[in-house]
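Trainee: Could you have a look at this structure, given as structure tokens, before my questions?
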Amino acid sequence: MSSELRSVPERELVLFIQRCAGLVALAVLIALVCNTLHPMGLPLLLVEVPHPGIPVWIWRSVPSVSVTQGYELWRHQSALLLDVRDRADHLAGHIPGSLSLPYHEFSTTFPAVRDRLPLHGPILIYCYGSHCGLSMRVAKRLRVLGYDRLTVMEGGFDAWQAAGLPISPATEGAR
Amino acid sequence: MTRELPPSPTVPRIRTLSLREKLARLRPGRPGRQRHAAGRALTVLLRVVIAGVFLAAAADKIVHPDRFADVVSDYQILPAWLVNLFAVCLPWVEVVVGLALLVGLWVPEAALLALGMTLMFMLALAINLARGNTNLHCGCFSTSQEGPGSAWDLLWRDAILMVACAGLLWATCPAGLLRALVSAVKRS
């Protein structure tokens, strides 16, 4: 009798845990289905896309270039350069002619620079360094808005500076 | 010759309830106990409020899974390979838990999951506070990364939610099961 009494809460506990697992399993199932249907659905394994938070189609549509290639684009003025670092860092020094669109102020700054960003023209985005994901985050936002010729410069401003390429301390672009 | 004393008159004793018994009366989900209207109302209120919080928190994360993954990534706690999976699944766990609480299905289980999630959020905030990162983009109700909030404020907010979740779990979970649950947690 006592053993039966003792086993009741244990049985309840097992059932309780099973129900908890059931709720989580249901949520995961719905999540996986919705992720495949969502236009910004994410790859669950970082195989093709090495960074989290980037849908595969965006990764495929936004190529990366080296600093040398970026310099060539800048020299021939064949792309608009977009600096997505914070405003203070842009003011401290940036690639000459680049436009400032800080990632952390995207919603407030974008309306001001919208007219200067060509919807179907080449845009080269750069941020801080090689591990800076801000470029791709801004590219993601712009790609959704219809900008279809986006490129990210690998190495960012640090690599540009390290290569001894021109830097403008004066502020340009959107202020 | 002994003389028997008359029996003393029985005085009705007024038994006062102990704190434990008073608390037990407030627990509406506990079978075999007196159900208290105020306790039931409080439980419903907690269910609706917690469900509302979790459903509201999930909405923007579901609309912008990529931005939520960025927020999760910025916490710098999970390894990169786990961020997308976590960002995709967490909002739906919040939805399922919120709906379960709202409709009253498996309430103790949903309350435990809500409590677990809240503790997880608090831990993530605490880790960043310990790192000296006091300005965080919470990602709690919005995936926007503009205008970071104070981690201390977020921690206090989560602490209130944690108390609410714990209260709901205590109010709805059968006593024997709650004891078994606590002892299982202690054992683990």
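Starting from 1 in every chain, residues are counted up; chains themselves are A, B, ... following the order of the structure tokens, and ligands are numbered from 1 as listed.
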Using only C-alpha atoms, find the residues of chain A whose closest atom to chain B is at most 7 Å away, then write them as a VMD selection string.
Mentor: chain A and resid 9 to 10 12 to 13 16 19 to 20 23 to 24 27 to 28 31 35 40 to 46 52 to 54 104 to 105
Trainee: Please extract the residues of stretch 24-186 of chain B with a backbone DSSP assignment of strand (DSSP E or B) and present them as a PDB file with N, CA and C atoms, in the first residue's frame.
Mentor:
```pdb
ATOM      1  N   ASN B 135      24.700  47.735 -21.272  1.00  0.00           N
ATOM      2  CA  ASN B 135      23.753  48.207 -22.288  1.00  0.00           C
ATOM      3  C   ASN B 135      23.522  47.094 -23.299  1.00  0.00           C
ATOM      4  N   LEU B 136      22.335  46.521 -23.230  1.00  0.00           N
ATOM      5  CA  LEU B 136      22.038  45.380 -24.075  1.00  0.00           C
ATOM      6  C   LEU B 136      20.833  45.647 -24.964  1.00  0.00           C
ATOM      7  N   GLY B 149      18.654  48.938 -23.931  1.00  0.00           N
ATOM      8  CA  GLY B 149      18.094  49.179 -22.604  1.00  0.00           C
ATOM      9  C   GLY B 149      19.098  48.806 -21.534  1.00  0.00           C
ATOM     10  N   SER B 150      18.800  49.190 -20.315  1.00  0.00           N
ATOM     11  CA  SER B 150      19.688  48.854 -19.213  1.00  0.00           C
ATOM     12  C   SER B 150      19.467  47.403 -18.814  1.00  0.00           C
TER      13      SER B 150
END
```
Trainee: Residues near A:Arg141, anyone? I mean within 12 Å using only C-alpha atoms, not counting same-chain ones fewer than 2 positions away, as a PyMOL selection string.
Mentor: (chain A and resi 40+53-55+58+62+84+101+103+106-107+110+134-139+143-148+150) or (chain B and resi 64+66-67+144)
Trainee: Quick one: distance from atom CA of A:Arg85 to atom CA of A:Pro50 in Å, one decimal?
Mentor: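 According to the coordinates, atom CA of A:Arg85 and atom CA of A:Pro50 are separated by 21.5 Å.
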Trainee: Excluding stretch 154-160 of chain B and any residue of its chain fewer than 6 positions from it, enumerate the residues within 10 Å of it, using only C-alpha atoms, and give them as a ChimeraX atom specification.
Mentor: /B:117-126,129,136-138,140,166
